[in-house]
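The next block is input.txt, given as compact mmCIF, N, CA and C atoms.
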# COMPACT_ATOMS: atom_id res chain seq x y z
N MET A 11 210.99 273.10 312.73
CA MET A 11 211.49 273.58 314.02
C MET A 11 211.20 272.51 315.07
N ASP A 12 212.16 272.27 315.92
CA ASP A 12 211.97 271.40 317.07
C ASP A 12 211.90 272.26 318.32
N ILE A 13 211.06 271.86 319.25
CA ILE A 13 211.01 272.53 320.55
C ILE A 13 211.58 271.54 321.56
N ILE A 14 212.60 271.98 322.25
CA ILE A 14 213.30 271.17 323.24
C ILE A 14 212.80 271.59 324.62
N VAL A 15 212.40 270.61 325.42
CA VAL A 15 211.96 270.89 326.78
C VAL A 15 212.89 270.13 327.74
N PRO A 16 213.89 270.82 328.29
CA PRO A 16 214.78 270.17 329.25
C PRO A 16 213.99 269.68 330.46
N HIS A 17 214.41 268.55 331.02
CA HIS A 17 213.66 267.96 332.12
C HIS A 17 213.57 268.88 333.34
N ALA A 18 214.64 269.61 333.65
CA ALA A 18 214.59 270.52 334.80
C ALA A 18 213.56 271.63 334.57
N ILE A 19 213.47 272.11 333.33
CA ILE A 19 212.48 273.15 333.00
C ILE A 19 211.08 272.54 333.02
N LYS A 20 210.95 271.32 332.55
CA LYS A 20 209.65 270.65 332.57
C LYS A 20 209.14 270.52 334.00
N ARG A 21 210.03 270.17 334.93
CA ARG A 21 209.62 270.06 336.34
C ARG A 21 209.26 271.44 336.90
N LYS A 22 210.11 272.43 336.63
CA LYS A 22 209.94 273.75 337.24
C LYS A 22 208.79 274.55 336.63
N GLU A 23 208.67 274.53 335.31
CA GLU A 23 207.71 275.38 334.62
C GLU A 23 206.40 274.68 334.27
N LEU A 24 206.44 273.36 334.10
CA LEU A 24 205.26 272.63 333.63
C LEU A 24 204.76 271.59 334.63
N GLY A 25 205.28 271.61 335.84
CA GLY A 25 204.82 270.66 336.85
C GLY A 25 205.19 269.22 336.55
N GLY A 26 206.21 269.00 335.72
CA GLY A 26 206.68 267.65 335.45
C GLY A 26 206.10 266.98 334.23
N GLN A 27 205.08 267.59 333.61
CA GLN A 27 204.46 267.00 332.42
C GLN A 27 204.20 268.08 331.38
N ILE A 28 204.32 267.69 330.12
CA ILE A 28 203.98 268.60 329.04
C ILE A 28 202.48 268.42 328.78
N SER A 29 201.69 269.37 329.21
CA SER A 29 200.23 269.28 329.12
C SER A 29 199.75 269.39 327.68
N ASP A 30 198.50 269.00 327.46
CA ASP A 30 197.88 269.17 326.15
C ASP A 30 197.87 270.65 325.75
N GLU A 31 197.62 271.52 326.73
CA GLU A 31 197.62 272.96 326.48
C GLU A 31 198.98 273.40 325.92
N ALA A 32 200.06 272.97 326.57
CA ALA A 32 201.40 273.33 326.13
C ALA A 32 201.69 272.75 324.75
N ARG A 33 201.30 271.50 324.53
CA ARG A 33 201.53 270.87 323.22
C ARG A 33 200.81 271.64 322.10
N LYS A 34 199.60 272.11 322.39
CA LYS A 34 198.85 272.90 321.39
C LYS A 34 199.58 274.21 321.08
N LEU A 35 200.08 274.86 322.13
CA LEU A 35 200.83 276.10 321.92
C LEU A 35 202.11 275.85 321.13
N PHE A 36 202.81 274.77 321.44
CA PHE A 36 204.04 274.44 320.71
C PHE A 36 203.73 274.16 319.24
N ALA A 37 202.65 273.42 318.98
CA ALA A 37 202.26 273.11 317.59
C ALA A 37 201.95 274.39 316.82
N LYS A 38 201.22 275.30 317.47
CA LYS A 38 200.88 276.56 316.81
C LYS A 38 202.14 277.37 316.51
N LEU A 39 203.07 277.40 317.45
CA LEU A 39 204.32 278.13 317.26
C LEU A 39 205.15 277.51 316.14
N LYS A 40 205.16 276.20 316.06
CA LYS A 40 205.92 275.53 315.00
C LYS A 40 205.33 275.86 313.62
N GLU A 41 204.01 276.03 313.56
CA GLU A 41 203.36 276.41 312.30
C GLU A 41 203.62 277.87 311.96
N LYS A 42 203.66 278.72 313.00
CA LYS A 42 203.81 280.16 312.80
C LYS A 42 204.88 280.73 313.75
N PRO A 43 206.15 280.47 313.47
CA PRO A 43 207.19 280.99 314.36
C PRO A 43 207.23 282.51 314.43
N GLU A 44 206.61 283.16 313.46
CA GLU A 44 206.58 284.63 313.49
C GLU A 44 205.75 285.17 314.64
N LEU A 45 205.02 284.32 315.35
CA LEU A 45 204.28 284.75 316.54
C LEU A 45 205.23 285.16 317.67
N ALA A 46 206.45 284.67 317.61
CA ALA A 46 207.44 284.98 318.64
C ALA A 46 208.09 286.33 318.38
N ILE A 47 208.42 287.00 319.47
CA ILE A 47 209.08 288.30 319.41
C ILE A 47 210.49 288.12 319.96
N GLY A 48 211.49 288.53 319.20
CA GLY A 48 212.86 288.46 319.68
C GLY A 48 213.11 289.50 320.76
N ILE A 49 213.79 289.10 321.82
CA ILE A 49 214.16 290.06 322.87
C ILE A 49 215.65 289.91 323.15
N SER A 50 216.25 290.97 323.66
CA SER A 50 217.67 290.92 324.01
C SER A 50 217.80 290.79 325.52
N SER A 51 218.94 290.30 325.92
CA SER A 51 219.24 290.22 327.34
C SER A 51 220.75 290.15 327.50
N PRO A 52 221.30 290.97 328.37
CA PRO A 52 222.75 290.94 328.57
C PRO A 52 223.20 289.59 329.12
N GLY A 53 224.38 289.17 328.71
CA GLY A 53 224.95 287.95 329.26
C GLY A 53 224.58 286.67 328.54
N LEU A 54 223.87 286.77 327.41
CA LEU A 54 223.55 285.56 326.66
C LEU A 54 224.81 284.99 326.02
N PRO A 55 224.87 283.68 325.86
CA PRO A 55 226.02 283.10 325.15
C PRO A 55 226.10 283.65 323.73
N PRO A 56 227.29 283.64 323.13
CA PRO A 56 227.44 284.12 321.75
C PRO A 56 226.53 283.35 320.79
N ARG A 57 226.10 284.02 319.73
CA ARG A 57 225.25 283.45 318.67
C ARG A 57 223.99 282.81 319.23
N SER A 58 223.35 283.48 320.15
CA SER A 58 222.10 282.97 320.71
C SER A 58 221.07 284.09 320.77
N SER A 59 219.81 283.70 320.88
CA SER A 59 218.74 284.68 320.96
C SER A 59 217.62 284.15 321.84
N LEU A 60 216.77 285.07 322.27
CA LEU A 60 215.59 284.73 323.06
C LEU A 60 214.36 285.09 322.25
N HIS A 61 213.32 284.26 322.38
CA HIS A 61 212.07 284.47 321.67
C HIS A 61 210.92 284.39 322.67
N LYS A 62 210.16 285.48 322.77
CA LYS A 62 209.03 285.56 323.69
C LYS A 62 207.74 285.33 322.92
N VAL A 63 206.82 284.57 323.54
CA VAL A 63 205.54 284.27 322.91
C VAL A 63 204.43 284.61 323.89
N TYR A 64 203.45 285.38 323.41
CA TYR A 64 202.24 285.67 324.18
C TYR A 64 201.16 284.70 323.69
N ALA A 65 200.46 284.06 324.62
CA ALA A 65 199.43 283.10 324.23
C ALA A 65 198.23 283.20 325.15
N THR A 66 197.08 282.91 324.59
CA THR A 66 195.85 282.84 325.36
C THR A 66 195.35 281.41 325.31
N THR A 67 195.08 280.83 326.46
CA THR A 67 194.61 279.46 326.55
C THR A 67 193.34 279.42 327.39
N ALA A 68 192.71 278.25 327.43
CA ALA A 68 191.53 278.09 328.28
C ALA A 68 191.89 278.33 329.75
N GLY A 69 193.15 278.07 330.11
CA GLY A 69 193.61 278.29 331.47
C GLY A 69 194.06 279.71 331.76
N GLY A 70 193.99 280.59 330.76
CA GLY A 70 194.38 281.99 330.95
C GLY A 70 195.53 282.39 330.05
N ALA A 71 195.95 283.63 330.21
CA ALA A 71 197.05 284.17 329.41
C ALA A 71 198.36 283.54 329.85
N ARG A 72 199.20 283.23 328.88
CA ARG A 72 200.50 282.61 329.14
C ARG A 72 201.60 283.43 328.48
N ARG A 73 202.80 283.31 329.04
CA ARG A 73 203.99 283.92 328.48
C ARG A 73 205.04 282.82 328.42
N LEU A 74 205.59 282.61 327.23
CA LEU A 74 206.60 281.59 327.03
C LEU A 74 207.89 282.27 326.58
N LEU A 75 209.02 281.68 326.94
CA LEU A 75 210.30 282.20 326.49
C LEU A 75 211.14 281.02 326.04
N PHE A 76 211.76 281.19 324.86
CA PHE A 76 212.61 280.17 324.28
C PHE A 76 214.00 280.73 324.04
N PHE A 77 214.98 279.86 324.12
CA PHE A 77 216.37 280.16 323.85
C PHE A 77 216.75 279.44 322.57
N CYS A 78 217.50 280.08 321.69
CA CYS A 78 217.92 279.46 320.44
C CYS A 78 219.40 279.72 320.22
N ARG A 79 220.13 278.66 319.91
CA ARG A 79 221.54 278.79 319.52
C ARG A 79 221.60 278.72 318.01
N HIS A 80 222.39 279.58 317.42
CA HIS A 80 222.46 279.69 315.97
C HIS A 80 223.67 278.94 315.42
N PRO A 81 223.78 278.78 314.09
CA PRO A 81 224.86 278.00 313.48
C PRO A 81 226.23 278.34 314.03
N GLY A 82 227.06 277.32 314.04
CA GLY A 82 228.40 277.48 314.60
C GLY A 82 228.51 276.83 315.96
N ILE A 83 227.38 276.48 316.55
CA ILE A 83 227.33 275.81 317.84
C ILE A 83 227.06 274.33 317.56
N PRO A 84 227.72 273.41 318.24
CA PRO A 84 227.44 271.99 318.01
C PRO A 84 225.96 271.69 318.18
N HIS A 85 225.48 270.75 317.39
CA HIS A 85 224.06 270.38 317.44
C HIS A 85 223.72 269.72 318.76
N LEU A 86 222.47 269.86 319.18
CA LEU A 86 221.99 269.23 320.39
C LEU A 86 221.95 267.72 320.17
N PRO A 87 222.28 266.93 321.20
CA PRO A 87 222.15 265.48 321.05
C PRO A 87 220.67 265.13 320.91
N GLN A 88 220.38 264.08 320.16
CA GLN A 88 219.01 263.65 319.94
C GLN A 88 218.75 262.34 320.67
N PRO A 89 217.71 262.27 321.49
CA PRO A 89 217.38 260.99 322.11
C PRO A 89 216.96 259.99 321.04
N ALA A 90 217.09 258.71 321.34
CA ALA A 90 216.80 257.65 320.36
C ALA A 90 215.40 257.76 319.79
N ALA A 91 214.42 258.15 320.60
CA ALA A 91 213.03 258.20 320.14
C ALA A 91 212.63 259.55 319.57
N ALA A 92 213.59 260.44 319.41
CA ALA A 92 213.27 261.79 318.95
C ALA A 92 212.85 261.78 317.49
N HIS A 93 212.12 262.81 317.12
CA HIS A 93 211.76 263.00 315.73
C HIS A 93 213.01 263.33 314.94
N PRO A 94 213.04 263.02 313.64
CA PRO A 94 214.21 263.42 312.86
C PRO A 94 214.36 264.93 312.88
N PRO A 95 215.59 265.43 312.84
CA PRO A 95 215.77 266.88 312.88
C PRO A 95 215.08 267.56 311.71
N SER A 96 214.64 268.79 311.94
CA SER A 96 213.98 269.54 310.88
C SER A 96 215.01 269.87 309.80
N SER A 97 214.51 270.25 308.63
CA SER A 97 215.41 270.56 307.53
C SER A 97 216.26 271.79 307.85
N ASN A 98 215.79 272.65 308.73
CA ASN A 98 216.54 273.83 309.12
C ASN A 98 217.10 273.58 310.52
N LEU A 99 218.33 273.08 310.60
CA LEU A 99 218.89 272.63 311.87
C LEU A 99 219.03 273.73 312.91
N ASN A 100 219.07 274.99 312.50
CA ASN A 100 219.20 276.04 313.51
C ASN A 100 217.86 276.41 314.13
N GLU A 101 216.79 275.73 313.74
CA GLU A 101 215.48 276.00 314.32
C GLU A 101 215.17 275.00 315.43
N ARG A 102 215.93 275.06 316.47
CA ARG A 102 215.70 274.26 317.67
C ARG A 102 215.59 275.23 318.83
N TRP A 103 214.38 275.39 319.33
CA TRP A 103 214.14 276.33 320.40
C TRP A 103 214.01 275.58 321.71
N VAL A 104 214.68 276.08 322.73
CA VAL A 104 214.70 275.46 324.05
C VAL A 104 213.78 276.26 324.97
N LEU A 105 212.79 275.60 325.53
CA LEU A 105 211.86 276.27 326.45
C LEU A 105 212.58 276.64 327.74
N LEU A 106 212.42 277.90 328.14
CA LEU A 106 212.97 278.38 329.41
C LEU A 106 211.88 278.77 330.40
N PHE A 107 210.80 279.37 329.90
CA PHE A 107 209.69 279.79 330.76
C PHE A 107 208.36 279.43 330.13
N TYR A 108 207.42 279.03 330.99
CA TYR A 108 206.03 278.82 330.62
C TYR A 108 205.25 279.37 331.80
N ARG A 109 204.91 280.64 331.73
CA ARG A 109 204.37 281.34 332.89
C ARG A 109 202.99 281.90 332.65
N ASN A 110 202.28 282.07 333.74
CA ASN A 110 201.00 282.76 333.75
C ASN A 110 201.30 284.26 333.67
N LYS A 111 200.41 284.98 333.05
CA LYS A 111 200.60 286.44 332.90
C LYS A 111 200.67 287.15 334.26
N SER A 112 200.03 286.60 335.27
CA SER A 112 200.01 287.27 336.57
C SER A 112 201.26 286.98 337.40
N ASP A 113 202.12 286.08 336.97
CA ASP A 113 203.36 285.76 337.64
C ASP A 113 204.33 286.95 337.51
N SER A 114 205.19 287.17 338.51
CA SER A 114 206.10 288.34 338.47
C SER A 114 207.05 288.29 337.28
N VAL A 115 207.40 287.12 336.81
CA VAL A 115 208.25 286.99 335.62
C VAL A 115 207.40 287.08 334.36
N GLY A 116 206.27 286.36 334.34
CA GLY A 116 205.39 286.35 333.17
C GLY A 116 204.79 287.70 332.84
N ARG A 117 204.61 288.53 333.83
CA ARG A 117 204.02 289.85 333.63
C ARG A 117 204.91 290.75 332.77
N ASN A 118 206.24 290.62 332.94
CA ASN A 118 207.16 291.50 332.23
C ASN A 118 208.47 290.76 331.94
N MET A 119 208.49 290.05 330.82
CA MET A 119 209.70 289.33 330.41
C MET A 119 210.59 290.29 329.64
N SER A 120 211.35 291.06 330.38
CA SER A 120 212.29 291.99 329.75
C SER A 120 213.47 292.20 330.70
N PRO A 121 214.61 292.63 330.16
CA PRO A 121 215.79 292.85 330.99
C PRO A 121 215.58 293.92 332.07
N LYS A 122 214.53 294.72 331.94
CA LYS A 122 214.25 295.76 332.95
C LYS A 122 213.60 295.18 334.21
N ASN A 123 213.15 293.93 334.15
CA ASN A 123 212.49 293.28 335.28
C ASN A 123 213.52 292.43 336.03
N SER A 124 213.88 292.81 337.24
CA SER A 124 214.90 292.08 338.01
C SER A 124 214.46 290.65 338.33
N ASP A 125 213.16 290.41 338.53
CA ASP A 125 212.68 289.05 338.75
C ASP A 125 212.96 288.19 337.52
N PHE A 126 212.72 288.76 336.34
CA PHE A 126 212.97 288.05 335.09
C PHE A 126 214.46 287.75 334.92
N THR A 127 215.32 288.73 335.09
CA THR A 127 216.74 288.52 334.83
C THR A 127 217.34 287.48 335.78
N GLY A 128 216.91 287.50 337.03
CA GLY A 128 217.39 286.49 337.99
C GLY A 128 216.95 285.10 337.62
N GLN A 129 215.68 284.95 337.27
CA GLN A 129 215.17 283.64 336.87
C GLN A 129 215.71 283.19 335.53
N LEU A 130 215.94 284.12 334.61
CA LEU A 130 216.49 283.76 333.30
C LEU A 130 217.84 283.09 333.46
N SER A 131 218.69 283.67 334.27
CA SER A 131 220.02 283.09 334.50
C SER A 131 219.90 281.68 335.07
N LYS A 132 219.03 281.49 336.04
CA LYS A 132 218.85 280.16 336.67
C LYS A 132 218.29 279.15 335.66
N ASN A 133 217.25 279.55 334.94
CA ASN A 133 216.62 278.61 334.00
C ASN A 133 217.54 278.28 332.83
N LEU A 134 218.29 279.26 332.36
CA LEU A 134 219.22 279.00 331.27
C LEU A 134 220.30 278.01 331.72
N THR A 135 220.79 278.17 332.92
CA THR A 135 221.79 277.24 333.47
C THR A 135 221.21 275.83 333.59
N LEU A 136 219.98 275.73 334.11
CA LEU A 136 219.33 274.41 334.22
C LEU A 136 219.16 273.76 332.85
N ALA A 137 218.69 274.53 331.88
CA ALA A 137 218.44 273.99 330.54
C ALA A 137 219.74 273.53 329.88
N LEU A 138 220.77 274.37 329.93
CA LEU A 138 222.04 274.01 329.30
C LEU A 138 222.69 272.81 329.99
N ASP A 139 222.52 272.71 331.30
CA ASP A 139 223.05 271.55 332.04
C ASP A 139 222.36 270.27 331.57
N ASP A 140 221.04 270.29 331.46
CA ASP A 140 220.32 269.10 330.99
C ASP A 140 220.76 268.72 329.58
N ILE A 141 220.87 269.69 328.70
CA ILE A 141 221.23 269.39 327.31
C ILE A 141 222.66 268.87 327.23
N SER A 142 223.59 269.52 327.90
CA SER A 142 224.99 269.11 327.79
C SER A 142 225.27 267.78 328.47
N ASN A 143 224.46 267.40 329.45
CA ASN A 143 224.67 266.13 330.15
C ASN A 143 223.78 265.00 329.63
N SER A 144 223.08 265.25 328.55
CA SER A 144 222.27 264.20 327.92
C SER A 144 223.14 263.28 327.09
N THR A 145 222.69 262.06 326.98
CA THR A 145 223.33 261.09 326.08
C THR A 145 222.23 260.48 325.22
N PRO A 146 222.59 259.84 324.11
CA PRO A 146 221.55 259.22 323.28
C PRO A 146 220.72 258.18 324.03
N THR A 147 221.31 257.51 325.01
CA THR A 147 220.57 256.49 325.77
C THR A 147 219.91 257.05 327.02
N ALA A 148 220.32 258.22 327.46
CA ALA A 148 219.74 258.84 328.66
C ALA A 148 219.53 260.33 328.41
N PRO A 149 218.55 260.67 327.55
CA PRO A 149 218.30 262.09 327.28
C PRO A 149 217.72 262.77 328.51
N ARG A 150 218.07 264.03 328.68
CA ARG A 150 217.54 264.83 329.79
C ARG A 150 216.68 265.96 329.23
N PHE A 151 216.02 265.68 328.12
CA PHE A 151 215.10 266.63 327.51
C PHE A 151 214.14 265.87 326.61
N ASP A 152 213.02 266.52 326.30
CA ASP A 152 212.03 265.99 325.37
C ASP A 152 212.04 266.86 324.14
N VAL A 153 211.78 266.26 322.99
CA VAL A 153 211.64 267.00 321.74
C VAL A 153 210.17 266.96 321.39
N VAL A 154 209.56 268.14 321.26
CA VAL A 154 208.13 268.23 320.98
C VAL A 154 207.94 268.70 319.56

Now that the file is in, can you turn its structure into structure tokens?
Amino acid sequence: MDIIVPHAIKRKELGGQISDEARKLFAKLKEKPELAIGISSPGLPPRSSLHKVYATTAGGARRLLFFCRHPGIPHLPQPAAAHPPSSNLNERWVLLFYRNKSDSVGRNMSPKNSDFTGQLSKNLTLALDDISNSTPTAPRFDVV
């Protein structure tokens, strides 16, 4: 599994850098993707899903949300320095949220939370824009 971190999401959710804390969480998720819980949300693109992850770190409780496009969708472009794609090409998760549990979105990542649904739409648009406007020589995302 590859974890894609669009640059706009990296700036908005991670303060512009992928911290060691985040890298540890991503590594753990890659080892055990079953830690993620699938959630639904109206208005998602066809053949896509959301995966919510609850995590505890030295910095406190975290809530992460990933977007995944399933087969039938063109593959994401790979930056020149990216790792080779995993053997299961549909296992590319795009980070949308990396929130503290006390945040209004992180507290309740569900379609019933209006703060969540508003931010989901914005973050999904930012992420898809970065991915679709990336080129092999000028990627607008990191692969972790």

Using only C-alpha atoms, give me every residue within 10 Å of (206.4, 274.7, 310.4) in file coordinates, as a list in words.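 Those residues, ordered by chain and then number, are Met11, Asp12, Ala37, Lys38, Leu39, Lys40, Glu41, Lys42, Pro43, Ser96 and Glu101 of chain A.
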
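With distances restricted to only C-alpha atoms, A:Leu60 is the closest residue to A:Gly48 from A:Ile13, A:Leu60, A:Ile28, A:Met119.
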
When you look at A:Ala137 with a cut-off of 6.5 Å (counting only N, CA and C atoms), what residues show up, excluding the ones that are within fewer than 4 positions of it in the same chain? I need them as a ChimeraX atom specification. /A:16,18-19,132-133,141-142

Include N, CA and C atoms and write out the residues we just selected as a compact mmCIF listing (two decimals), keeping the file's coordinate frame.
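Produced file again39.txt, reproduced below:
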# COMPACT_ATOMS: atom_id res chain seq x y z
N PRO A 16 213.89 270.82 328.29
CA PRO A 16 214.78 270.17 329.25
C PRO A 16 213.99 269.68 330.46
N ALA A 18 214.64 269.61 333.65
CA ALA A 18 214.59 270.52 334.80
C ALA A 18 213.56 271.63 334.57
N ILE A 19 213.47 272.11 333.33
CA ILE A 19 212.48 273.15 333.00
C ILE A 19 211.08 272.54 333.02
N LYS A 132 219.03 281.49 336.04
CA LYS A 132 218.85 280.16 336.67
C LYS A 132 218.29 279.15 335.66
N ASN A 133 217.25 279.55 334.94
CA ASN A 133 216.62 278.61 334.00
C ASN A 133 217.54 278.28 332.83
N ILE A 141 220.87 269.69 328.70
CA ILE A 141 221.23 269.39 327.31
C ILE A 141 222.66 268.87 327.23
N SER A 142 223.59 269.52 327.90
CA SER A 142 224.99 269.11 327.79
C SER A 142 225.27 267.78 328.47

A:Gly70 surroundings by only C-alpha atoms, 10 Å radius, close-in-sequence under 3 positions cut, as a list in words: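 Near neighbours after the sequence-gap exclusion: Ala65, Thr66, Thr67, Asn110, Lys111 and Ser112 of chain A.
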
Find, counting only C-alpha atoms, the residue in A:Asn123, A:Asn143, A:Asn118, A:Ser131 that gets nearest to A:Val63.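 That would be A:Asn118, the residue with the smallest distance to A:Val63.
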
Neighbours of stretch 56-58 of chain A within 6.5 Å (all atoms listed in the file; same-chain residues fewer than 2 positions away dropped), as a ChimeraX atom specification? /A:54,60,78-80

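If you look at atom C of A:Phe151 and atom CA of A:Val115, they are 23.7 Å away from each other.
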
Need the shell around A:His61: protein/DNA/RNA residues with any atom at most 8 Å away, counting all atoms listed in the file. Skip same-chain ones fewer than 4 positions apart. Format as a PyMOL selection string? chain A and resi 45-50+74-78

Would you work out the distance separating atom CA of A:Glu44 from atom CA of A:Asp152, expressed in Å to one decimal? 22.8 Å

Please report the interatomic distance between atom CA of A:Arg117 and atom CA of A:Tyr64 in Å with one decimal.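 Computed distance, atom CA of A:Arg117 to atom CA of A:Tyr64, equals 10.5 Å.
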